[in-house]
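*Asks:* This one is entry_17.pdb, PDB, C-alpha atoms.
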```pdb
ATOM      1  CA  MET A   9       9.368   4.025  -4.659
ATOM      2  CA  LYS A  10       7.905   7.441  -5.484
ATOM      3  CA  LYS A  11       7.992   6.601  -9.213
ATOM      4  CA  ASP A  12       6.145   3.314  -8.550
ATOM      5  CA  ILE A  13       3.398   5.201  -6.701
ATOM      6  CA  GLU A  14       3.183   7.810  -9.464
ATOM      7  CA  ASN A  15       2.746   5.031 -12.040
ATOM      8  CA  LYS A  16       0.055   3.302  -9.940
ATOM      9  CA  LEU A  17      -1.878   6.565  -9.656
ATOM     10  CA  ILE A  18      -1.538   7.303 -13.364
ATOM     11  CA  ASP A  19      -2.741   3.751 -14.155
ATOM     12  CA  LYS A  20      -5.886   4.582 -12.126
ATOM     13  CA  ASN A  21      -6.449   7.841 -14.053
ATOM     14  CA  THR A  22      -5.406   9.884 -11.026
ATOM     15  CA  LYS A  23      -3.011  12.807 -11.183
ATOM     16  CA  PRO A  24      -0.025  12.046  -8.897
ATOM     17  CA  THR A  25       0.081  15.177  -6.717
ATOM     18  CA  SER A  26       2.476  15.413  -3.790
ATOM     19  CA  MET A  27      -0.276  14.819  -1.211
ATOM     20  CA  ARG A  28      -1.702  11.857  -3.123
ATOM     21  CA  ILE A  29       1.743  10.261  -3.282
ATOM     22  CA  LEU A  30       2.291  10.845   0.447
ATOM     23  CA  VAL A  31      -1.124   9.437   1.412
ATOM     24  CA  TYR A  32      -0.702   6.408  -0.857
ATOM     25  CA  ASP A  33       2.770   5.736   0.546
ATOM     26  CA  PHE A  34       1.507   6.017   4.126
ATOM     27  CA  LEU A  35      -1.490   3.724   3.509
ATOM     28  CA  SER A  36       0.719   1.149   1.795
ATOM     29  CA  SER A  37       2.762   0.798   4.999
ATOM     30  CA  GLN A  38      -0.272   0.147   7.222
ATOM     31  CA  GLU A  39      -1.635  -3.254   8.243
ATOM     32  CA  ALA A  40      -4.934  -1.925   9.596
ATOM     33  CA  ALA A  41      -7.540   0.312   7.994
ATOM     34  CA  LEU A  42      -7.320   3.931   9.165
ATOM     35  CA  SER A  43      -9.817   6.718   9.756
ATOM     36  CA  LEU A  44      -9.474  10.234   8.364
ATOM     37  CA  SER A  45      -8.365  11.443  11.822
ATOM     38  CA  GLU A  46      -5.693   8.751  12.088
ATOM     39  CA  ILE A  47      -4.344   9.633   8.650
ATOM     40  CA  GLU A  48      -4.522  13.345   9.428
ATOM     41  CA  ASN A  49      -2.534  12.823  12.657
ATOM     42  CA  HIS A  50       0.299  11.326  10.616
ATOM     43  CA  PHE A  51       0.488  14.467   8.449
ATOM     44  CA  GLU A  52       0.826  17.167  11.104
ATOM     45  CA  ASN A  53       0.801  20.188   8.793
ATOM     46  CA  ALA A  54      -1.576  18.916   6.114
ATOM     47  CA  ASP A  55      -5.027  20.315   5.555
ATOM     48  CA  ARG A  56      -7.829  17.948   6.680
ATOM     49  CA  THR A  57      -9.937  18.854   3.638
ATOM     50  CA  THR A  58      -7.098  17.997   1.260
ATOM     51  CA  ILE A  59      -6.620  14.600   2.908
ATOM     52  CA  TYR A  60     -10.378  13.956   2.806
ATOM     53  CA  ARG A  61     -10.572  14.881  -0.884
ATOM     54  CA  THR A  62      -7.554  12.662  -1.584
ATOM     55  CA  LEU A  63      -9.287   9.697   0.085
ATOM     56  CA  LYS A  64     -12.564  10.353  -1.755
ATOM     57  CA  THR A  65     -10.709  10.546  -5.091
ATOM     58  CA  PHE A  66      -8.869   7.335  -4.239
ATOM     59  CA  GLU A  67     -12.173   5.641  -3.427
ATOM     60  CA  GLU A  68     -13.800   6.820  -6.671
ATOM     61  CA  LYS A  69     -10.816   5.583  -8.698
ATOM     62  CA  GLY A  70     -10.609   2.156  -7.023
ATOM     63  CA  ILE A  71      -7.409   2.912  -5.118
ATOM     64  CA  VAL A  72      -8.861   2.548  -1.607
ATOM     65  CA  HIS A  73     -11.970   0.949  -0.223
ATOM     66  CA  SER A  74     -13.894   2.337   2.698
ATOM     67  CA  ILE A  75     -15.042   0.313   5.659
ATOM     68  CA  GLN A  76     -17.967   1.518   7.769
ATOM     69  CA  GLU A  77     -17.171   0.875  11.405
ATOM     70  CA  ASN A  78     -19.784   2.115  13.848
ATOM     71  CA  ALA A  79     -20.015   5.836  12.989
ATOM     72  CA  THR A  80     -16.506   5.998  11.491
ATOM     73  CA  THR A  81     -15.254   5.395   7.967
ATOM     74  CA  LYS A  82     -11.870   3.724   7.664
ATOM     75  CA  TYR A  83      -9.742   3.361   4.534
ATOM     76  CA  LYS A  84      -7.492   0.601   3.222
ATOM     77  CA  LEU A  85      -5.688   0.280  -0.104
ATOM     78  CA  CYS A  86      -7.473  -1.837  -2.715
ATOM     79  CA  HIS A  87      -6.059  -4.628  -4.818
ATOM     80  CA  ASP A  88      -4.781  -3.663  -8.239
ATOM     81  CA  GLY A  89      -7.904  -5.240  -9.803
ATOM     82  CA  CYS A  90     -10.231  -2.540  -8.454
ATOM     83  CA  ASP A  91     -11.220   0.339 -10.704
ATOM     84  CA  GLU A  92     -13.677   3.219 -11.037
ATOM     85  CA  THR A  93     -16.681   0.943 -11.551
ATOM     86  CA  THR A  94     -15.920  -2.159  -9.506
ATOM     87  CA  HIS A  95     -14.245  -2.740  -6.161
ATOM     88  CA  LYS A  96     -13.022  -6.324  -5.946
ATOM     89  CA  ASP A  97     -12.265  -6.332  -2.246
ATOM     90  CA  TRP A  98     -14.707  -9.139  -1.520
ATOM     91  CA  HIS A  99     -13.118 -10.149   1.755
ATOM     92  CA  LEU A 100     -14.045  -9.910   5.412
ATOM     93  CA  HIS A 101     -13.285  -6.703   7.307
ATOM     94  CA  PHE A 102     -12.629  -7.592  10.940
ATOM     95  CA  TYR A 103     -12.845  -5.212  13.917
ATOM     96  CA  CYS A 104     -11.102  -6.268  17.139
ATOM     97  CA  LYS A 105     -13.021  -5.184  20.235
ATOM     98  CA  ILE A 106      -9.824  -5.125  22.302
ATOM     99  CA  CYS A 107      -7.146  -3.375  20.183
ATOM    100  CA  LYS A 108      -9.794  -1.422  18.204
ATOM    101  CA  GLN A 109      -8.112  -2.127  14.839
ATOM    102  CA  THR A 110      -9.915  -3.026  11.638
ATOM    103  CA  THR A 111      -8.047  -5.394   9.340
ATOM    104  CA  CYS A 112      -8.770  -7.080   6.026
ATOM    105  CA  LYS A 113      -9.071 -10.866   6.319
ATOM    106  CA  GLU A 114      -8.418 -11.779   2.704
ATOM    107  CA  ASP A 115      -8.487 -15.512   3.434
ATOM    108  CA  ILE A 116     -12.233 -15.165   4.144
ATOM    109  CA  SER A 117     -13.840 -13.999   0.920
ATOM    110  CA  ILE A 118     -16.653 -14.484  -1.529
ATOM    111  CA  PRO A 119     -15.494 -16.030  -4.822
ATOM    112  CA  GLU A 120     -15.350 -13.475  -7.626
ATOM    113  CA  ASN A 121     -16.524 -15.957 -10.253
ATOM    114  CA  ILE A 122     -20.092 -16.249  -8.957
ATOM    115  CA  GLN A 123     -22.429 -16.853 -11.901
ATOM    116  CA  THR A 124     -25.228 -14.268 -11.836
ATOM    117  CA  ASN A 125     -27.408 -12.462 -14.317
ATOM    118  CA  PHE A 126     -26.558  -9.162 -12.612
ATOM    119  CA  ARG A 127     -23.331  -7.259 -11.941
ATOM    120  CA  ILE A 128     -21.949  -6.990  -8.408
ATOM    121  CA  ASP A 129     -19.924  -3.804  -8.051
ATOM    122  CA  GLU A 130     -19.168  -4.011  -4.357
ATOM    123  CA  ILE A 131     -19.645  -6.331  -1.391
ATOM    124  CA  ARG A 132     -19.132  -5.327   2.234
ATOM    125  CA  LEU A 133     -18.493  -8.032   4.820
ATOM    126  CA  PHE A 134     -17.887  -6.874   8.388
ATOM    127  CA  ALA A 135     -17.349  -8.816  11.607
ATOM    128  CA  LYS A 136     -16.470  -7.929  15.197
ATOM    129  CA  GLY A 137     -14.572 -10.084  17.648
ATOM    130  CA  ILE A 138     -11.090 -10.555  19.078
ATOM    131  CA  CYS A 139      -8.077 -10.695  16.753
ATOM    132  CA  GLU A 140      -5.339 -13.321  16.846
ATOM    133  CA  ASN A 141      -2.855 -11.104  18.705
ATOM    134  CA  CYS A 142      -5.305 -10.101  21.410
ATOM    135  CA  LEU A 143      -6.501 -13.703  21.836
ATOM    136  CA  GLU A 144      -2.889 -14.786  22.441
ATOM    137  CA  SER A 145      -2.379 -12.111  25.066
ATOM    138  CA  LEU A 146      -5.567 -13.220  26.889
ATOM    139  CA  GLN A 147      -4.307 -16.795  27.292
TER     140      GLN A 147
END
```
Turn this file's structure into structure tokens for me.

*Replies:*
Amino acid sequence: MKKDIENKLIDKNTKPTSMRILVYDFLSSQEAALSLSEIENHFENADRTTIYRTLKTFEEKGIVHSIQENATTKYKLCHDGCDETTHKDWHLHFYCKICKQTTCKEDISIPENIQTNFRIDEIRLFAKGICENCLESLQ
């Protein structure tokens, strides 16, 4: 597993440091997007600045995409097709008002093959409502 992560980071022109491998591994196990504080809480003895720099590097290299949620930025791993110039996460980001989780709804997306005479580098779609799990518990 560690070797797979190292190779993914190297493929994205990112040096596979110990912290980068740990952060990538942690994010890959998460269903919901996470804030810097949530990630930091998982790594009890890690430096907040190091985690922040890791996330910013990941974002610049197309490894994670950021989701603006109210006044908080949350992070989720990108698809392999993202790179330093173009994020291809053209799907809906959904915030549940009950469980407070932000998830990627990849079944709701903008087609990537839109014919334009300009280049789209990034699209951000964001919605708020009640997720499937919380709706079930309300009924």

*Asks:* Given all atoms listed in the file as the basis, pick out the residue of A:Arg61, A:Lys96, A:Lys113, A:Lys84 nearest to Tyr32 of chain A.

*Replies:*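 Smallest distance to Tyr32 of chain A is found for A:Lys84.
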
*Asks:* Report, in Å with one decimal, the straight-line distance from atom CA of Lys20 of chain A to atom CA of Leu85 of chain A.

*Replies:*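 Going from atom CA of Lys20 of chain A over to atom CA of Leu85 of chain A, I get 12.8 Å.
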
*Asks:* Care to translate the PyMOL selection byres ((chain A and resi 89) around 12) into actual residues of this file, as a list in words?

*Replies:*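 Those residues are Lys16, Asp19, Lys20, Lys69, Gly70, Ile71, Val72, Leu85, Cys86, His87, Asp88, Cys90, Asp91, Glu92, Thr93, Thr94, His95, Lys96, Asp97, Trp98 and Glu120 of chain A.
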
*Asks:* Give the answer as one residue: which of A:Glu77, A:Asp12, A:Glu68, A:Glu130 has the shortest atom-to-atom distance to Ser36 of chain A, using only C-alpha atoms?

*Replies:*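 Ranked by minimum distance to Ser36 of chain A, first place goes to A:Asp12.
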
*Asks:* From the set A:Asn15, A:Asn53, A:Thr62, A:Gln76, which residue has the shortest atom-to-atom contact distance to Leu35 of chain A, counting all atoms listed in the file?

*Replies:*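 Checking each candidate against Leu35 of chain A, we get A:Thr62 as the closest.
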
*Asks:* Work out how far apart atom CA of Leu143 of chain A and atom CA of Ile116 of chain A are and give it in Å to one decimal.

*Replies:*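 Calculated distance between atom CA of Leu143 of chain A and atom CA of Ile116 of chain A is 18.7 Å.
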
*Asks:* Could you check which of A:Thr110, A:Thr25, A:Asn141, A:Gln147 is closest to Thr58 of chain A, using only C-alpha atoms?

*Replies:*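 Looking at the shortest contact to Thr58 of chain A, the residue is A:Thr25.
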